[in-house]
Structure formats: structure tokens, C-alpha cells
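Raw contents of my_file-v3.txt, compact mmCIF, C-alpha atoms and all ligand atoms:
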```txt
# COMPACT_ATOMS: atom_id res chain seq x y z
CA MET A 1 -124.26 41.82 -10.50
CA LEU A 2 -120.50 42.24 -10.57
CA ASN A 3 -118.96 38.98 -11.77
CA ILE A 4 -115.19 38.87 -11.92
CA VAL A 5 -113.04 36.13 -13.41
CA LEU A 6 -109.66 36.35 -11.67
CA PHE A 7 -107.28 34.61 -14.01
CA GLY A 8 -103.63 33.66 -14.03
CA PRO A 9 -101.16 30.79 -13.95
CA PRO A 10 -100.62 28.66 -10.81
CA GLY A 11 -98.82 30.79 -8.22
CA ALA A 12 -100.00 34.11 -9.70
CA GLY A 13 -101.69 35.13 -6.44
CA LYS A 14 -105.33 34.52 -7.34
CA GLY A 15 -106.29 33.18 -3.91
CA THR A 16 -104.64 36.03 -1.99
CA GLN A 17 -106.10 38.73 -4.20
CA SER A 18 -109.57 37.11 -4.29
CA THR A 19 -109.80 37.54 -0.53
CA MET A 20 -109.06 41.28 -0.83
CA ILE A 21 -111.54 41.78 -3.68
CA GLN A 22 -114.36 39.79 -2.10
CA GLU A 23 -114.18 41.94 1.03
CA LYS A 24 -114.08 45.30 -0.72
CA TYR A 25 -116.87 44.58 -3.20
CA ALA A 26 -118.92 42.16 -1.06
CA LEU A 27 -118.69 39.36 -3.60
CA LYS A 28 -118.84 35.60 -3.09
CA HIS A 29 -115.43 34.01 -3.77
CA ILE A 30 -115.62 30.66 -5.54
CA SER A 31 -112.37 28.72 -5.97
CA THR A 32 -112.70 25.42 -7.81
CA GLY A 33 -109.29 24.34 -6.44
CA ASP A 34 -110.51 24.94 -2.86
CA LEU A 35 -113.75 23.08 -3.62
CA PHE A 36 -111.86 20.05 -4.91
CA ARG A 37 -109.55 20.12 -1.87
CA TYR A 38 -112.58 20.33 0.42
CA HIS A 39 -114.14 17.29 -1.28
CA LEU A 40 -110.85 15.44 -0.94
CA SER A 41 -110.64 16.26 2.78
CA GLN A 42 -114.17 14.85 3.17
CA GLY A 43 -113.24 11.72 1.21
CA THR A 44 -116.09 12.14 -1.29
CA GLU A 45 -116.17 10.40 -4.64
CA LEU A 46 -115.68 13.76 -6.36
CA GLY A 47 -112.64 14.46 -4.17
CA LEU A 48 -111.04 11.14 -5.03
CA LEU A 49 -111.70 11.67 -8.73
CA ALA A 50 -110.19 15.18 -8.65
CA LYS A 51 -107.11 13.89 -6.86
CA LYS A 52 -106.35 11.56 -9.77
CA TYR A 53 -105.89 14.56 -12.05
CA SER A 54 -104.62 17.28 -9.75
CA ALA A 55 -101.89 15.11 -8.20
CA GLU A 56 -100.23 14.96 -11.64
CA GLY A 57 -100.78 18.64 -12.41
CA GLY A 58 -103.57 18.02 -14.95
CA LEU A 59 -107.14 19.28 -15.08
CA VAL A 60 -110.25 17.60 -13.77
CA PRO A 61 -112.64 16.84 -16.71
CA ASP A 62 -114.78 19.79 -17.78
CA GLN A 63 -118.20 18.29 -17.13
CA VAL A 64 -117.30 17.28 -13.58
CA THR A 65 -115.94 20.76 -12.84
CA ILE A 66 -118.86 22.56 -14.48
CA ASP A 67 -121.43 20.49 -12.54
CA MET A 68 -119.65 21.23 -9.27
CA LEU A 69 -119.53 24.96 -10.06
CA LYS A 70 -123.22 25.08 -10.97
CA GLU A 71 -124.16 23.42 -7.71
CA GLU A 72 -122.00 25.84 -5.74
CA ILE A 73 -123.44 28.93 -7.44
CA SER A 74 -126.99 27.77 -6.76
CA LYS A 75 -126.26 28.04 -3.02
CA TYR A 76 -125.97 31.85 -3.25
CA PRO A 77 -129.10 33.17 -4.96
CA SER A 78 -128.92 36.72 -3.61
CA VAL A 79 -125.27 37.81 -3.75
CA ASN A 80 -123.93 41.04 -5.31
CA GLY A 81 -121.80 38.94 -7.60
CA PHE A 82 -119.07 36.32 -7.73
CA ILE A 83 -115.35 36.24 -8.00
CA PHE A 84 -114.31 33.14 -9.89
CA ASP A 85 -110.82 31.88 -8.98
CA GLY A 86 -109.44 28.96 -10.97
CA PHE A 87 -112.51 28.81 -13.21
CA PRO A 88 -112.90 28.84 -16.17
CA ARG A 89 -109.68 26.97 -16.98
CA THR A 90 -110.66 25.79 -20.48
CA THR A 91 -112.66 27.35 -23.31
CA PRO A 92 -115.60 24.89 -22.86
CA GLN A 93 -115.72 25.95 -19.18
CA ALA A 94 -115.84 29.61 -20.26
CA GLU A 95 -118.73 28.85 -22.61
CA ALA A 96 -120.55 26.98 -19.84
CA LEU A 97 -120.07 29.92 -17.47
CA ASP A 98 -121.47 32.35 -20.05
CA ASN A 99 -124.54 30.14 -20.49
CA LEU A 100 -125.04 29.68 -16.77
CA LEU A 101 -124.81 33.40 -16.01
CA ALA A 102 -127.05 34.22 -18.96
CA SER A 103 -129.70 31.87 -17.54
CA MET A 104 -129.49 33.95 -14.35
CA GLY A 105 -129.92 37.17 -16.34
CA THR A 106 -126.33 38.26 -15.79
CA ALA A 107 -122.86 37.93 -17.35
CA VAL A 108 -119.12 38.07 -16.66
CA SER A 109 -118.28 41.73 -16.02
CA THR A 110 -114.53 41.47 -16.57
CA MET A 111 -111.58 39.10 -16.64
CA LEU A 112 -108.61 40.33 -14.63
CA ALA A 113 -105.54 38.40 -15.76
CA LEU A 114 -102.53 38.45 -13.43
CA GLU A 115 -99.31 38.41 -15.44
CA VAL A 116 -96.33 36.74 -13.74
CA PRO A 117 -93.23 35.34 -15.49
CA GLU A 118 -92.70 31.57 -15.30
CA GLU A 119 -89.46 31.75 -13.30
CA GLU A 120 -91.18 33.77 -10.57
CA LEU A 121 -94.11 31.29 -10.48
CA LYS A 122 -91.75 28.41 -9.74
CA VAL A 123 -90.06 30.33 -6.93
CA ARG A 124 -93.44 31.21 -5.39
CA LEU A 125 -94.87 27.68 -5.62
CA GLU A 126 -91.74 26.11 -4.14
CA GLY A 127 -91.96 28.65 -1.31
CA ARG A 128 -95.66 27.98 -0.80
CA ALA A 129 -94.94 24.24 -0.49
CA GLN A 130 -93.34 24.94 2.93
CA THR A 131 -96.67 26.07 4.38
CA SER A 132 -99.53 24.99 2.10
CA GLY A 133 -99.28 21.26 2.77
CA ARG A 134 -100.39 20.82 -0.85
CA ALA A 135 -98.87 17.78 -2.52
CA ASP A 136 -99.08 19.54 -5.90
CA ASP A 137 -96.78 22.32 -4.60
CA ALA A 138 -94.10 19.97 -3.26
CA ASP A 139 -92.88 18.30 -6.45
CA PRO A 140 -91.07 20.39 -9.11
CA LYS A 141 -92.22 17.93 -11.80
CA VAL A 142 -95.88 18.48 -10.84
CA ILE A 143 -95.32 22.25 -10.74
CA GLN A 144 -93.89 22.12 -14.27
CA ASN A 145 -96.89 20.04 -15.41
CA ARG A 146 -99.29 22.59 -13.93
CA ILE A 147 -97.51 25.41 -15.76
CA ASP A 148 -97.50 23.40 -19.01
CA THR A 149 -101.20 22.58 -18.57
CA TYR A 150 -101.87 26.28 -18.03
CA ASN A 151 -100.00 27.26 -21.20
CA ARG A 152 -101.70 24.59 -23.30
CA GLU A 153 -105.30 24.49 -22.03
CA THR A 154 -105.95 27.54 -19.89
CA LYS A 155 -104.16 30.46 -21.58
CA PRO A 156 -106.56 30.37 -24.59
CA VAL A 157 -109.38 31.38 -22.20
CA LYS A 158 -107.87 34.89 -22.33
CA ASP A 159 -108.65 35.07 -26.05
CA PHE A 160 -112.25 34.12 -25.29
CA TYR A 161 -112.73 37.17 -23.05
CA GLN A 162 -110.57 39.43 -25.20
CA ALA A 163 -112.96 38.75 -28.09
CA GLN A 164 -115.76 40.01 -25.81
CA GLY A 165 -113.74 43.13 -24.89
CA LYS A 166 -113.60 42.02 -21.25
CA LEU A 167 -109.91 41.22 -20.75
CA LYS A 168 -107.77 43.40 -18.48
CA GLU A 169 -104.14 42.36 -18.00
CA ILE A 170 -102.67 43.23 -14.61
CA ASN A 171 -98.99 43.22 -13.68
CA GLY A 172 -98.74 40.50 -11.00
CA LEU A 173 -95.24 41.48 -9.79
CA GLY A 174 -94.61 43.67 -6.75
CA SER A 175 -96.02 43.81 -3.23
CA ILE A 176 -99.40 42.22 -2.46
CA ASP A 177 -100.80 45.69 -1.68
CA ALA A 178 -99.52 47.18 -4.92
CA ILE A 179 -101.16 44.39 -6.92
CA THR A 180 -104.42 44.76 -4.94
CA ASP A 181 -104.45 48.48 -5.81
CA ARG A 182 -104.02 47.67 -9.51
CA LEU A 183 -106.94 45.23 -9.33
CA TYR A 184 -109.17 47.74 -7.51
CA SER A 185 -108.41 50.40 -10.15
CA ALA A 186 -109.26 47.96 -12.93
CA ILE A 187 -112.57 47.04 -11.26
CA ASP A 188 -113.45 50.67 -10.55
CA SER A 189 -112.88 51.53 -14.21
CA ILE A 190 -115.65 49.26 -15.49
P1 LIG A 201 -103.39 26.61 -8.63
O1 LIG A 201 -102.94 27.11 -7.31
O2 LIG A 201 -102.38 25.77 -9.32
O3 LIG A 201 -103.96 27.70 -9.49
P2 LIG A 201 -105.96 25.51 -7.78
O4 LIG A 201 -105.85 25.55 -6.30
O5 LIG A 201 -106.83 26.53 -8.43
O6 LIG A 201 -104.50 25.54 -8.40
O7 LIG A 201 -106.43 24.07 -8.28
C1 LIG A 201 -105.74 22.89 -7.90
C2 LIG A 201 -106.03 21.76 -8.90
O8 LIG A 201 -107.44 21.51 -8.97
C3 LIG A 201 -105.62 22.09 -10.34
O9 LIG A 201 -104.27 21.80 -10.59
C4 LIG A 201 -106.58 21.15 -11.13
O10 LIG A 201 -106.13 19.82 -11.15
C5 LIG A 201 -107.85 21.19 -10.32
N1 LIG A 201 -108.74 22.27 -10.82
C6 LIG A 201 -109.03 23.44 -10.20
N2 LIG A 201 -109.88 24.17 -10.93
C7 LIG A 201 -110.13 23.46 -12.06
C8 LIG A 201 -110.91 23.68 -13.24
N3 LIG A 201 -111.61 24.81 -13.40
N4 LIG A 201 -110.94 22.71 -14.18
C9 LIG A 201 -110.26 21.58 -14.03
N5 LIG A 201 -109.48 21.32 -12.97
C10 LIG A 201 -109.42 22.24 -11.99
```

Here is the file; what I need is its structure written in the form of C-alpha cells.
Amino acid sequence: MLNIVLFGPPGAGKGTQSTMIQEKYALKHISTGDLFRYHLSQGTELGLLAKKYSAEGGLVPDQVTIDMLKEEISKYPSVNGFIFDGFPRTTPQAEALDNLLASMGTAVSTMLALEVPEEELKVRLEGRAQTSGRADDADPKVIQNRIDTYNRETKPVKDFYQAQGKLKEINGLGSIDAITDRLYSAIDSI
């Protein structure tokens, strides 16, 4: 299997680039953010719980997120691989993903980390607020909290994969196509 962790701060372009990668390599794209938003739209208990955290720019508790991810993965027993978008976001989540994939006889192939400076992230998220309808894009305070949460809790996940020799840093500035090409080259090199 080809299992890609697409990593980066909020606004780095993970969703856009996941779509390109999933088509080219025939992978299943799993976005924990999209899953939480889907639950919220359906008014489930999980959706309401996630809203409590995401509305402020914080993270949903690890065990809740890990359980949801496990359930989602189990729906696709015969895929070529997965592209994980927005997961893992903490080191315990990364450990849980390693264990889960190991139990399936596979592993993370690579982490592709999109690098985008903070000032550019804020511009992108404020722009996205016009069309996304996402409450967490609309409020500059929430955007700042999401970036702070990323720096504090999520950035260390890079060290986890670096220690395994799986980290590839990708310049996330430039046109969408240029960034897609960089990601394809990185994937083709493994
Ligand atoms: P972003 O566009 O900021 O990267 P996402 O769409 O991936 O955000 O996720 C939206 C929100 O859902 C996050 O701010 C967070 O509250 C919650 N969330 C998503 N993935 C996770 C995760 N792996 N662990 C905990 N919370 C998560």
C-alpha cells in the first residue's frame, strides 16, 4: 500500500492537494476535518462534541478522533492506500496510526509536509472564509488559535516521522499546479 500523510498548518492547501494526489495514485482520501464537519451537518453526537473544540480553534480529544479514523479506515478494506489529511495532528495520534497500519500489515510510506509562512496562512484563511462557509475561517481570533494550536501540538508530529526517515518538506508557496508537481516528484521518489 501507499500511505501518505499530507501535513501542514491550517490553510497550507492540504485539501486541494489531496484531491490531486488521490486521483493520480488512486488512493482513498481521508480528512478528519471533513469527517467532523459531516457529523456536524448530520447533527450527530460526535459532530456536536467536535464543534465544541473546533469552533474555538482547538483539537478534538485524541481518543475520539482516533476511534473515528479507525472506523472510517475499516470501510475501505481493498484500497491501494490512503492519503491522510489533517491526521495525525498530535504525537499520540501518530502512534495510534502506526499501530493501526501495522495491524493491517502496512505502514506510513511518507509524510509530505507543506511549508507555508504564517502571514500567508492568515491571508489564505481570510480569503477562504468568503466561500467556505466555515465558522472557524471567519474569525481572526479563531484563525490565530488554530495556528497556535498547530505550532504547539501538531508541529512535533514532524519530528516523529523525521525520526523514522519519512519526512519530506515541500515548499507550499506558488501556483497550485507547481505545488502539485513538487508533491508528485516527492511521491515518485519513494
Ligand atoms: P484546517 O483547515 O484548519 O487544517 P481541518 O478542516 O483539517 O482544519 O479541521 C477542522 C477542525 O477539526 C480542526 O480545527 C480541529 O478542531 C478538528 N480536527 C480535525 N482533525 C483533527 C485531529 N486529527 N485531531 C483533533 N482535532 C481535529

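Within 10 Å of Glu95 (chain A), once only C-alpha atoms are used and residues closer than 6 positions along the same chain are dropped, the contacting residues are A:Pro88, A:Val157, A:Phe160.
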
If you take every atom of ligand LIG 201 (chain A) that the file lists and fit an axis-aligned box around them with 4 Å extra on each side, what centre and edge lengths come out in Å to one decimal, as lines of an AutoDock Vina configuration file?
```
center_x = -107.0
center_y = 23.8
center_z = -10.2
size_x = 17.2
size_y = 15.9
size_z = 15.9
```

>> So, with all atoms listed in the file as the atoms that count, which of A:Glu45, A:Asp136, A:Glu72, A:Glu120 lies closest to ligand LIG 201 (chain A)?
In response: A:Asp136

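Counting from CA of Glu118 (chain A), the distance to CA of Pro61 (chain A) is 24.8 Å.
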
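Nearest residue to ligand LIG 201 (chain A) among A:Leu101, A:Leu125, A:Leu173, A:Leu167 is A:Leu125, counting only C-alpha atoms and all ligand atoms.
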
> Smallest atom-to-atom distance to ligand LIG 201 (chain A): which of A:Arg124, A:Arg146, A:His39, A:Arg134, using only C-alpha atoms and all ligand atoms?
Replying inline: A:Arg146
